[in-house]
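Taking it in order: structure first as structure tokens, then the write-up.
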There are 2 protein chains.
Amino acid sequence: MSTEKNAPKQSAPAAQTAITPTRAQDYPEWYQQVVRAADLAETSDVRGCMVIKPWGYALWENIQRSLDKMFKDTGHKNAYFPLFIPLSYFEKEAEHVEGFAKECAVVTHHRLKPGVKADGKQGLIPDGELQEPLVVRPTSETIIGASFAKWVQSYRDLPLLINQWANVVRWEMRTRLFLRTAEFLWQEGHTAHATSEEAMEETLKMLEVYADFAENWMAMPVVKGEKTEGERFPGAVHTYCIEAMMQDRKALQAGTSHFLGQNFAHASEIKFSDADGKVSYAWTTSWGVSTRLIGGMIMTHADDDGMVLPPRLAPSHIVISPVTHKPETAQAVLDYCNKLAADLRKIPYFGRTVEVEVDNRDIRGGDKTWQWIKKGIPVRVEVGPRDMEQDSVFMARRDRGHKEKTSVKRDEFVATIHSVLEDIQGTLFARAKAHREQNTQRIDSRAEFEAFFGARNEAEANESGGGAVKGGFALVHYAPDRKVEEELKTKFAVTCRCIPLEGADEPGTCIFTGKPTTRRAIFAKSY
Amino acid sequence: MSTEKNAPKQSAPAAQTAITPTRAQDYPEWYQQVVRAADLAETSDVRGCMVIKPWGYALWENIQRSLDKMFKDTGHKNAYFPLFIPLSYFEKEAEHVEGFAKECAVVTHHRLKPGVKADGKQGLIPDGELQEPLVVRPTSETIIGASFAKWVQSYRDLPLLINQWANVVRWEMRTRLFLRTAEFLWQEGHTAHATSEEAMEETLKMLEVYADFAENWMAMPVVKGEKTEGERFPGAVHTYCIEAMMQDRKALQAGTSHFLGQNFAHASEIKFSDADGKVSYAWTTSWGVSTRLIGGMIMTHADDDGMVLPPRLAPSHIVISPVTHKPETAQAVLDYCNKLAADLRKIPYFGRTVEVEVDNRDIRGGDKTWQWIKKGIPVRVEVGPRDMEQDSVFMARRDRGHKEKTSVKRDEFVATIHSVLEDIQGTLFARAKAHREQNTQRIDSRAEFEAFFGARNEAEANESGGGAVKGGFALVHYAPDRKVEEELKTKFAVTCRCIPLEGADEPGTCIFTGKPTTRRAIFAKSY
């Protein structure tokens with residue numbers, strides 16, 4: 001809480017909204033202000049690298065804990081591989097290196113010595129040039145492949161199911177907290193299999209794990225689909241993804257799972273001998289999600305008062321603020337609150353227990369309330385001397401706006417908190433899903449497509465207060481074609497998000513080329 | 001298990017010891033072979049960087065989980081700061097940069113382009129030179145200090161208690177798995193306080209947490225002490241440490257806690273205004289332990305058969321091997337083992353439940369047994385058809401040599417497993433403590449000191465089979481003097497490990513300079 005002062009001061013609890021500008025006024029700036037007001041992260045002086053603050057990092061720890069259990073339950077083990085990749089490794093897979101070459105941080109020296117710096121002043125300069133430059137991992141297929149080549153020799157060594165929690169670096173020119181940063185935290189699963197079928201099964205199983213996590217933990221509905229060629233991971237044969245719709249109707253790619261065929265097995269020489277002694281290349285997969293998920297949660301649930309946390313991942317579920325204006329009752333009220341907190345902390349909730357803050361800081365009640373609203377804590381409780389006498393508490397739910405407060409008997413509050421939290425979780429999911437459904441449209445002609453995405457420009461949109469982005473998810477018959485995708489990207493900033501996996505085939509005609517198709521693809525603007 | 005093949009093949013269970021060479025024959029090589037045979041880690045092709053394999057990483061995860069809880073219980077919160085430190089930040093604290101300049105990996109470029117490489121061949125070369133080089137963090141005082149300067153303004157913002165779990169890089173010329181690697185994983189605590197007293201209290205509190213963890217979780221006895229000036233962390237005012245004695249009687253520095261005074265607060269401008277509005281610099285601390293702890297556990301507990309894991313941190317506690325030679329009973333035995341495993345997994349054990357592997361792989365029983373011995377699993381169980389009939393199991397404890405096996409009634413085994421694990425934990429600690437006590441000597445003259453450390457050279461020691469290192473912990477009266485320390489380091493490879501904090505003052509005379517002293521210091525060879 002000590003860092004709250006960096007947020008814009010909230011002068012009075014009567015304020016209309018805590019975040020300026022609102023979503024309708026300026027969505028991108030609203031996003032930055034929510035991250036700041038909720039104390040989740042901040043920019044650093046290191047280009048594109050963020051500082052994840054305690055409240056944001058606790059959210060990441062909860063994401064890690066839940067996902068890690070899902071990975072282990074599906075047979076994966078964690079390991080750790082080097083941060084640095086020798087350039088020669090990186091070059092082994094041609095498409096891969098081409099895809100990442102422009103965003104690689106490169107270590108060229110291994111010490112510093114006194115010298116003349118670029119600005120002409122005396123200072124330390126890099127010294128001890130390396131014979132071979134090292135790339136700071138942007139992803140680890142090549143370095144993990146080198147280990148897999150040693151670990152896999154016989155079919156008995158397969159499948160090999162490994163996950164790594166790590167930091168990675170991709171030098172991005174335009175960065176935005178959580179959504180796109182030069183350094184980010186992620187997990188990357190890497191597996192090797194004896195057959196193509198098994199590798200494909202793994203690829204889709206992990207996509208399912210991601211979808212399950214996004215919907216049931218993050219309360220963020222997603223579409224599972226396959227990327228078209230132009231959007232594939234560099235070096236992959238098939239890339240699958242989960243795509244979510246943000247409140248500004250743009251898409252966010254929230255996780256990807258890649259079927260790598262034998263491409264990386266060839267590059268890294270991952271070979272095994274089968275029961276008959278015949279030697280073959282293994283089939284590999286990789287899959288990852290990152291701190292970007294936090295950006296997705298913000299843009300799915302936050303409102304004009306700040307962050308709104310899905311209870312299953314919230315760093316803390318309940319804040320209890322004792323009202324201690326009168327010195328003669330202050331200690332009794334505080335004791336009452338601490339006892340309430342202790343009872344709540346005994347309640348199991350999704351792999352942990354209900355987590356409670358008792359906020360007894362000596363600051364204005366209105367400021368205190370607004371700080372917790374902005375941080376998105378699911379439930380706020382206030383207890384004053386009169387409540388204590390009546391054995392009741394004042395309760396407010398973060399999903400119901402900042403004005404609604406209800407008085408509840410203390411024991412009833414404890415008895416129902418689990419279902420209240422679950423109700424909030426369910427409400428957030430339902431709200432996000434309704435938003436997506438309202439803004440998903442089947443479109444059957446190019447003219448309609450252009451009207452959906454292109455008609456209103458940003459200036460008009462800002463004037464009318466309706467947000468800068470028109471459109472949403474357009475479901476169109478599409479025969480994949482890189483030229484079409486390039487044109488749509490340039491003209492409308494729209495990309496093919498994926499070809500959804502679910503739903504029946506539906507014969508049709510590509511709205512761009514007239515070619516016959518069997519399924520609809522999703523097009524949208526995106527992060 | 002798929003990676004076991006990299007370890008030297010164990011031809012028969014009758015082998016004298018599983019690790020060649022033994023500790024007595026060649027201690028450093030024995031260490032490398034244990035790491036390999038236990039499948040904990042391996043070297044990579046990236047200079048000095050290790051690959052932490054699943055069994056080793058699971059051990060690290062258990063270390064993390066236990067320590068993290070201790071940090072949170074003492075009021076600390078986790079956060080995450082950039083991997084890269086701008087050179088200008090790094091230069092702000094003069095002693096600090098001097099201490100680390102020679103081992104810094106430096107990022108100088110942010111992309112790759114086709115060009116002529118150092119070997120004259122065409123390939124990718126670093127491009128996009130950075131205006132200011134970035135140092136890959138060897139430790140984060142300066143980059144975290146930059147955030148603290150923003151977060152701390154008033155005395156109300158203090159104390160600020162932050163911890164980070166991260167990878168760090170120190171370019172080491174001679175590396176050894178876990179003990180000294182170019183990249184390693186660690187945690188680094190960073191705190192800021194309003195007064196010198198509070199910062200000192202924090203420094204010593206975290207030293208106590210480390211000692212508690214080392215002794216009660218790792219079963220590794222440690223001495224808490226203060227470093228002399230020559231061994232201090234670069235930039236610190238006082239450095240405290242925990243020092244453990246390895247089986248070769250060398251010391252291992254297992255954790256450090258630094259009182260940084262106002263040095264880094266001045267460098268980073270961490271200032272606060274007190275209740276009267278007066279502005280002062282904060283007082284800061286930092287403290288860390290790393291994957292080096294795993295090296296310490298190996299050198300404390302492992303034996304000539306491989307790793308020996310302290311149960312409280314073991315990735316898994318029990319392996320059950322069904323003996324299924326006869327097809328007609330194979331399924332029944334396997335079912336029996338799975339039921340036993342399920343019952344064991346219900347037993348709580350130090351923040352988790354008892355963890356069990358059922359190893360039904362179709363490999364020779366002797367090989368299987370030796371693999372688990374080498375991996376150090378605390379308890380091995382075998383169940384054959386006859387055991388099943390009698391409702392009993394064969395049990396072996398890793399702390400009792402590979403020959404001792406006892407038959408135990410199944411229900412008794414389940415009922416006593418918690419105390420068996422605790423008994424193993426206690427045995428390991430007692431053994432290590434006795435070893436340290438046997439090899440700690442009070443020494444009262446320089447001649448005696450030289451005889452203790454210097455008399456036997458490595459060749460003689462190897463011939464007599466007694467290990468290369470003579471000596472142990474020498475407790476001597478010592479008045480700190482950098483020249484003396486340099487001389488002892490050069491002549492005997494002996495350093496002052498610390499001045500122990502515990503024990504009463506004892507007036508004496510420095511055995512090197514004759515100056516009066518009040519306490520004894522510990523000298524030893526070290527890792």
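Numbering starts fresh at 1 for the residues of each chain in the structure tokens, the chains themselves are lettered A, B, ... in the order given, and ligands are numbered from 1 as they appear.
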Exercise. Would you kindly report the residues of chain A within 8 Å of chain B, using only C-alpha atoms, as an NGL selection string?
Key: :A and (1-3 or 6 or 44 or 46 or 49-54 or 56-58 or 77-87 or 91 or 101-113 or 118 or 124-126 or 131-133 or 147 or 151-152 or 156-158 or 160 or 171 or 183)
Only C-alpha atoms, please: the residues just picked out, written as a PDB file, in the first residue's frame.
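Output file part-v5.pdb follows:
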```pdb
ATOM      1  CA  MET A   1       0.000   0.000   0.000  1.00  0.00           C
ATOM      2  CA  SER A   2       2.968   2.214   0.475  1.00  0.00           C
ATOM      3  CA  THR A   3       3.112   2.949  -3.222  1.00  0.00           C
ATOM      4  CA  ASN A   6       1.851   7.456  -7.256  1.00  0.00           C
ATOM      5  CA  SER A  44      11.187   1.391 -15.923  1.00  0.00           C
ATOM      6  CA  VAL A  46      15.161   0.369 -19.224  1.00  0.00           C
ATOM      7  CA  CYS A  49      11.088  -3.361 -19.585  1.00  0.00           C
ATOM      8  CA  MET A  50       8.422  -3.163 -16.899  1.00  0.00           C
ATOM      9  CA  VAL A  51       8.517  -3.366 -13.125  1.00  0.00           C
ATOM     10  CA  ILE A  52       5.817  -5.722 -11.888  1.00  0.00           C
ATOM     11  CA  LYS A  53       4.671  -4.329  -8.555  1.00  0.00           C
ATOM     12  CA  PRO A  54       3.598  -6.529  -5.615  1.00  0.00           C
ATOM     13  CA  GLY A  56       0.530  -7.387 -10.057  1.00  0.00           C
ATOM     14  CA  TYR A  57       3.148  -9.978  -9.177  1.00  0.00           C
ATOM     15  CA  ALA A  58       0.811 -11.674  -6.681  1.00  0.00           C
ATOM     16  CA  LYS A  77       7.733 -31.641 -15.375  1.00  0.00           C
ATOM     17  CA  ASN A  78       9.466 -28.327 -14.898  1.00  0.00           C
ATOM     18  CA  ALA A  79      13.112 -27.755 -15.752  1.00  0.00           C
ATOM     19  CA  TYR A  80      15.338 -24.764 -16.449  1.00  0.00           C
ATOM     20  CA  PHE A  81      17.500 -23.994 -19.479  1.00  0.00           C
ATOM     21  CA  PRO A  82      20.079 -21.260 -20.209  1.00  0.00           C
ATOM     22  CA  LEU A  83      19.038 -17.636 -20.693  1.00  0.00           C
ATOM     23  CA  PHE A  84      21.574 -17.292 -23.501  1.00  0.00           C
ATOM     24  CA  ILE A  85      21.410 -18.981 -26.886  1.00  0.00           C
ATOM     25  CA  PRO A  86      24.582 -19.222 -28.983  1.00  0.00           C
ATOM     26  CA  LEU A  87      23.912 -17.518 -32.314  1.00  0.00           C
ATOM     27  CA  GLU A  91      20.439 -20.051 -36.900  1.00  0.00           C
ATOM     28  CA  ALA A 101      16.236 -11.714 -35.803  1.00  0.00           C
ATOM     29  CA  LYS A 102      14.859  -8.184 -35.684  1.00  0.00           C
ATOM     30  CA  GLU A 103      13.996  -8.298 -32.006  1.00  0.00           C
ATOM     31  CA  CYS A 104      16.987 -10.008 -30.395  1.00  0.00           C
ATOM     32  CA  ALA A 105      18.967  -8.548 -27.515  1.00  0.00           C
ATOM     33  CA  VAL A 106      22.553  -9.634 -28.170  1.00  0.00           C
ATOM     34  CA  VAL A 107      25.290 -10.118 -25.568  1.00  0.00           C
ATOM     35  CA  THR A 108      28.664  -9.429 -27.148  1.00  0.00           C
ATOM     36  CA  HIS A 109      30.966  -8.803 -24.161  1.00  0.00           C
ATOM     37  CA  HIS A 110      31.572 -10.360 -20.780  1.00  0.00           C
ATOM     38  CA  ARG A 111      33.097  -7.571 -18.763  1.00  0.00           C
ATOM     39  CA  LEU A 112      33.434  -3.826 -18.386  1.00  0.00           C
ATOM     40  CA  LYS A 113      36.560  -1.697 -18.302  1.00  0.00           C
ATOM     41  CA  ALA A 118      29.642   6.873 -26.774  1.00  0.00           C
ATOM     42  CA  LEU A 124      32.964   1.999 -18.256  1.00  0.00           C
ATOM     43  CA  ILE A 125      32.739   0.387 -21.664  1.00  0.00           C
ATOM     44  CA  PRO A 126      32.106  -3.210 -22.728  1.00  0.00           C
ATOM     45  CA  GLN A 131      33.948 -15.277 -29.875  1.00  0.00           C
ATOM     46  CA  GLU A 132      30.318 -16.065 -30.577  1.00  0.00           C
ATOM     47  CA  PRO A 133      27.584 -13.580 -29.694  1.00  0.00           C
ATOM     48  CA  SER A 147      19.185 -30.825 -24.415  1.00  0.00           C
ATOM     49  CA  TRP A 151      17.995 -36.874 -23.462  1.00  0.00           C
ATOM     50  CA  VAL A 152      16.174 -38.714 -26.221  1.00  0.00           C
ATOM     51  CA  ARG A 156      11.411 -45.434 -24.201  1.00  0.00           C
ATOM     52  CA  ASP A 157      12.539 -41.852 -23.577  1.00  0.00           C
ATOM     53  CA  LEU A 158       9.371 -40.547 -25.235  1.00  0.00           C
ATOM     54  CA  LEU A 160       9.337 -36.100 -23.088  1.00  0.00           C
ATOM     55  CA  TRP A 171      13.038  -6.093 -28.471  1.00  0.00           C
ATOM     56  CA  GLU A 183      11.170  -8.469 -21.267  1.00  0.00           C
TER      57      GLU A 183
END
```
Exercise. Please provide the set of residues having any atom within 9 Å of B:Gly365, restricted to only C-alpha atoms, with same-chain residues fewer than 4 positions apart removed, written as a list of chain:residue names.
Key: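 Residues meeting the cut-off are B:Pro13, B:Ser321, B:Val323, B:Thr369, B:Trp370.
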Just-selected residues, C-alpha atoms written as a PDB file, in the first residue's frame:
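What follows is the written file selection_26.pdb:
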```
ATOM      1  CA  PRO B  13      23.067 -54.470  -7.517  1.00  0.00           C
ATOM      2  CA  SER B 321       8.524 -50.853  -7.082  1.00  0.00           C
ATOM      3  CA  VAL B 323       7.740 -56.967  -8.445  1.00  0.00           C
ATOM      4  CA  THR B 369      16.844 -49.800  -7.424  1.00  0.00           C
ATOM      5  CA  TRP B 370      20.199 -48.214  -8.170  1.00  0.00           C
TER       6      TRP B 370
END
```
Quiz prompt | Point-to-point distance from atom CA of A:Gln441 to atom CA of A:His477, Å rounded to tenths | solution = 12.1 Å
Practice problem: Please report, as a PyMOL selection string, each residue of stretch 171-380 of chain A to which DSSP assigns strand (DSSP E) when run on this structure's backbone. | Solution: chain A and resi 183-193+223-226+238-245+251-259+271-273+279-281+283-290+318-322+348-349+352-353+356-358+379-380
Quiz item: Near B:Val358, counting only C-alpha atoms, which residues have an atom at most 8 Å away, once you skip same-chain residues fewer than 6 positions from it, shown as a list of chain:residue names?
Solution: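 Listing them by chain and then by number gives B:Val319, B:Ile320, B:Ser321, B:Pro322, B:Cys337, B:Asn338, B:Ala341.
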Quiz item: Looking only at the backbone, which of the residues in stretch 22-95 of chain B does DSSP tag as alpha helix (DSSP H), as a ChimeraX atom specification?
Solution: /B:27-37,54-73,87-90,94-95
Could you dump the residues just selected with N, CA and C atoms as a short mmCIF file (atom, residue, chain, number, x, y, z; two decimals), in the first residue's frame?
```cif
data_model
loop_
_atom_site.label_atom_id
_atom_site.label_comp_id
_atom_site.auth_asym_id
_atom_site.auth_seq_id
_atom_site.Cartn_x
_atom_site.Cartn_y
_atom_site.Cartn_z
N TYR B 27 37.32 -36.11 -4.50
CA TYR B 27 36.10 -35.44 -4.06
C TYR B 27 35.47 -34.55 -5.15
N PRO B 28 36.23 -33.70 -5.84
CA PRO B 28 35.59 -32.83 -6.85
C PRO B 28 34.94 -33.65 -7.97
N GLU B 29 35.60 -34.71 -8.40
CA GLU B 29 35.04 -35.51 -9.48
C GLU B 29 33.84 -36.32 -8.97
N TRP B 30 33.93 -36.79 -7.72
CA TRP B 30 32.77 -37.46 -7.11
C TRP B 30 31.55 -36.54 -7.16
N TYR B 31 31.76 -35.26 -6.83
CA TYR B 31 30.65 -34.30 -6.83
C TYR B 31 29.98 -34.23 -8.21
N GLN B 32 30.80 -34.09 -9.24
CA GLN B 32 30.24 -33.99 -10.60
C GLN B 32 29.46 -35.25 -10.95
N GLN B 33 30.01 -36.40 -10.53
CA GLN B 33 29.36 -37.66 -10.86
C GLN B 33 28.04 -37.84 -10.10
N VAL B 34 27.96 -37.32 -8.89
CA VAL B 34 26.69 -37.41 -8.15
C VAL B 34 25.63 -36.56 -8.85
N VAL B 35 26.02 -35.35 -9.24
CA VAL B 35 25.05 -34.47 -9.93
C VAL B 35 24.51 -35.18 -11.16
N ARG B 36 25.40 -35.84 -11.86
CA ARG B 36 25.03 -36.54 -13.08
C ARG B 36 24.20 -37.79 -12.81
N ALA B 37 24.66 -38.60 -11.86
CA ALA B 37 23.97 -39.86 -11.58
C ALA B 37 22.59 -39.61 -10.96
N PRO B 54 14.68 -32.04 -14.48
CA PRO B 54 13.45 -32.07 -13.66
C PRO B 54 13.65 -32.44 -12.19
N TRP B 55 14.49 -33.42 -11.90
CA TRP B 55 14.68 -33.82 -10.50
C TRP B 55 15.35 -32.71 -9.70
N GLY B 56 16.31 -32.02 -10.32
CA GLY B 56 16.98 -30.90 -9.67
C GLY B 56 16.07 -29.69 -9.56
N TYR B 57 15.25 -29.46 -10.58
CA TYR B 57 14.37 -28.30 -10.54
C TYR B 57 13.26 -28.48 -9.51
N ALA B 58 12.79 -29.73 -9.36
CA ALA B 58 11.75 -30.00 -8.36
C ALA B 58 12.30 -29.71 -6.96
N LEU B 59 13.57 -29.99 -6.77
CA LEU B 59 14.23 -29.68 -5.50
C LEU B 59 14.26 -28.15 -5.30
N TRP B 60 14.59 -27.43 -6.36
CA TRP B 60 14.59 -25.97 -6.29
C TRP B 60 13.19 -25.43 -6.02
N GLU B 61 12.17 -26.03 -6.62
CA GLU B 61 10.79 -25.59 -6.36
C GLU B 61 10.42 -25.78 -4.89
N ASN B 62 10.89 -26.86 -4.30
CA ASN B 62 10.61 -27.07 -2.88
C ASN B 62 11.35 -26.07 -2.00
N ILE B 63 12.58 -25.76 -2.39
CA ILE B 63 13.33 -24.72 -1.69
C ILE B 63 12.57 -23.40 -1.80
N GLN B 64 12.14 -23.07 -3.01
CA GLN B 64 11.40 -21.83 -3.23
C GLN B 64 10.13 -21.76 -2.39
N ARG B 65 9.37 -22.85 -2.41
CA ARG B 65 8.08 -22.84 -1.71
C ARG B 65 8.29 -22.59 -0.21
N SER B 66 9.26 -23.30 0.37
CA SER B 66 9.48 -23.17 1.81
C SER B 66 10.01 -21.79 2.17
N LEU B 67 11.01 -21.33 1.43
CA LEU B 67 11.59 -20.02 1.72
C LEU B 67 10.57 -18.91 1.48
N ASP B 68 9.83 -19.03 0.38
CA ASP B 68 8.87 -17.98 0.04
C ASP B 68 7.86 -17.79 1.18
N LYS B 69 7.44 -18.90 1.77
CA LYS B 69 6.50 -18.79 2.88
C LYS B 69 7.16 -18.06 4.06
N MET B 70 8.42 -18.37 4.31
CA MET B 70 9.13 -17.70 5.40
C MET B 70 9.25 -16.20 5.13
N PHE B 71 9.49 -15.85 3.87
CA PHE B 71 9.61 -14.41 3.53
C PHE B 71 8.26 -13.72 3.72
N LYS B 72 7.19 -14.39 3.27
CA LYS B 72 5.88 -13.75 3.38
C LYS B 72 5.44 -13.67 4.84
N ASP B 73 5.77 -14.70 5.60
CA ASP B 73 5.43 -14.67 7.03
C ASP B 73 6.17 -13.55 7.78
N LEU B 87 24.02 0.82 -17.93
CA LEU B 87 25.37 0.94 -17.39
C LEU B 87 25.49 2.13 -16.43
N SER B 88 24.79 3.22 -16.75
CA SER B 88 24.89 4.42 -15.91
C SER B 88 24.32 4.18 -14.50
N TYR B 89 23.31 3.33 -14.36
CA TYR B 89 22.78 2.99 -13.03
C TYR B 89 23.84 2.24 -12.25
N PHE B 90 24.42 1.30 -12.97
CA PHE B 90 25.34 0.37 -12.37
C PHE B 90 26.56 1.12 -11.80
N ALA B 94 30.23 3.23 -6.45
CA ALA B 94 31.59 2.97 -6.95
C ALA B 94 32.14 1.60 -6.57
N GLU B 95 32.02 1.23 -5.30
CA GLU B 95 32.55 -0.08 -4.87
C GLU B 95 31.79 -1.21 -5.54
#
```
Self-check item: Interatomic distance (Å, one decimal) between atom CA of B:Ser316 and atom CA of B:Thr416
Solution: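 It comes out at 17.0 Å.
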Quiz item: Can you list, as a PyMOL selection string, every protein, DNA or RNA residue that comes within 12 Å of A:Phe449 when you count only C-alpha atoms, leaving out same-chain residues fewer than 6 positions away?
Solution: chain A and resi 441-443+455+470-478+488+492+494+510-512+522-524
Quiz prompt | B:His317 surroundings by only C-alpha atoms, 6 Å radius, close-in-sequence under 2 positions cut, as a ChimeraX atom specification | solution = /B:355-356,377-378
A:Arg232 environment, 12 Å, only C-alpha atoms, sequence neighbours closer than 2 positions dropped, as a short mmCIF file (atom, residue, chain, number, x, y, z; two decimals) with N, CA and C atoms, in the first residue's frame:
```
data_model
loop_
_atom_site.label_atom_id
_atom_site.label_comp_id
_atom_site.auth_asym_id
_atom_site.auth_seq_id
_atom_site.Cartn_x
_atom_site.Cartn_y
_atom_site.Cartn_z
N GLU A 95 13.38 -20.43 -40.73
CA GLU A 95 12.20 -19.57 -40.56
C GLU A 95 12.19 -18.96 -39.16
N HIS A 96 12.65 -19.78 -38.21
CA HIS A 96 12.66 -19.36 -36.82
C HIS A 96 13.54 -18.13 -36.62
N GLY A 99 12.18 -15.05 -38.18
CA GLY A 99 11.06 -14.48 -37.42
C GLY A 99 11.49 -13.66 -36.22
N GLY A 225 -8.78 -21.76 -31.88
CA GLY A 225 -8.74 -21.84 -33.33
C GLY A 225 -7.35 -22.09 -33.85
N GLU A 226 -7.24 -22.18 -35.16
CA GLU A 226 -5.93 -22.35 -35.78
C GLU A 226 -5.57 -21.07 -36.52
N LYS A 227 -4.30 -20.71 -36.46
CA LYS A 227 -3.81 -19.54 -37.17
C LYS A 227 -3.62 -19.88 -38.64
N THR A 228 -3.77 -18.87 -39.49
CA THR A 228 -3.44 -19.08 -40.90
C THR A 228 -1.92 -19.00 -41.05
N GLU A 229 -1.43 -19.40 -42.21
CA GLU A 229 0.01 -19.48 -42.46
C GLU A 229 0.76 -18.20 -42.07
N GLY A 230 0.18 -17.07 -42.44
CA GLY A 230 0.86 -15.79 -42.22
C GLY A 230 1.01 -15.43 -40.75
N PRO A 234 7.13 -18.76 -36.09
CA PRO A 234 8.20 -19.03 -37.06
C PRO A 234 8.83 -20.42 -36.85
N GLY A 235 8.61 -21.30 -37.81
CA GLY A 235 9.15 -22.66 -37.71
C GLY A 235 8.09 -23.71 -37.42
N ALA A 236 6.87 -23.28 -37.09
CA ALA A 236 5.80 -24.24 -36.77
C ALA A 236 5.11 -24.75 -38.03
N VAL A 237 4.51 -25.93 -37.93
CA VAL A 237 3.69 -26.48 -39.01
C VAL A 237 2.23 -26.03 -38.83
N HIS A 238 1.76 -26.10 -37.59
CA HIS A 238 0.44 -25.56 -37.26
C HIS A 238 0.57 -24.76 -35.97
N THR A 239 -0.09 -23.61 -35.92
CA THR A 239 -0.17 -22.84 -34.69
C THR A 239 -1.63 -22.70 -34.29
N TYR A 240 -1.93 -23.11 -33.05
CA TYR A 240 -3.28 -22.96 -32.52
C TYR A 240 -3.26 -21.87 -31.46
N CYS A 241 -4.40 -21.26 -31.22
CA CYS A 241 -4.42 -20.13 -30.30
C CYS A 241 -5.75 -20.06 -29.56
N THR A 256 -0.78 -19.63 -27.16
CA THR A 256 -0.59 -20.36 -28.42
C THR A 256 0.00 -21.73 -28.14
N SER A 257 -0.33 -22.67 -29.01
CA SER A 257 0.19 -24.04 -28.91
C SER A 257 0.60 -24.45 -30.32
N HIS A 258 1.87 -24.84 -30.45
CA HIS A 258 2.41 -25.08 -31.78
C HIS A 258 2.74 -26.55 -32.02
N PHE A 259 2.27 -27.05 -33.15
CA PHE A 259 2.71 -28.36 -33.63
C PHE A 259 3.90 -28.07 -34.53
N LEU A 260 5.09 -28.52 -34.11
CA LEU A 260 6.31 -28.14 -34.83
C LEU A 260 6.75 -29.19 -35.84
N ARG A 482 -2.24 -15.20 -48.24
CA ARG A 482 -1.38 -14.21 -47.57
C ARG A 482 -1.57 -12.81 -48.13
N CYS A 496 -6.66 -11.90 -39.64
CA CYS A 496 -7.40 -13.14 -39.42
C CYS A 496 -6.93 -13.69 -38.08
N ARG A 497 -7.80 -13.71 -37.08
CA ARG A 497 -7.39 -14.14 -35.75
C ARG A 497 -7.23 -15.64 -35.69
N CYS A 498 -8.16 -16.37 -36.28
CA CYS A 498 -8.05 -17.82 -36.31
C CYS A 498 -9.22 -18.42 -37.07
#
```
Quiz item: Mind pulling up the distance from atom CA of B:Leu340 to atom CA of B:Phe413?
Solution: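 Computing it gives 9.7 Å between the two atoms.
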Quiz prompt | Best match for closeness to A:Met388 among A:Leu334, A:Val223, A:Ala149, A:Ile19, counting only C-alpha atoms | solution = A:Leu334
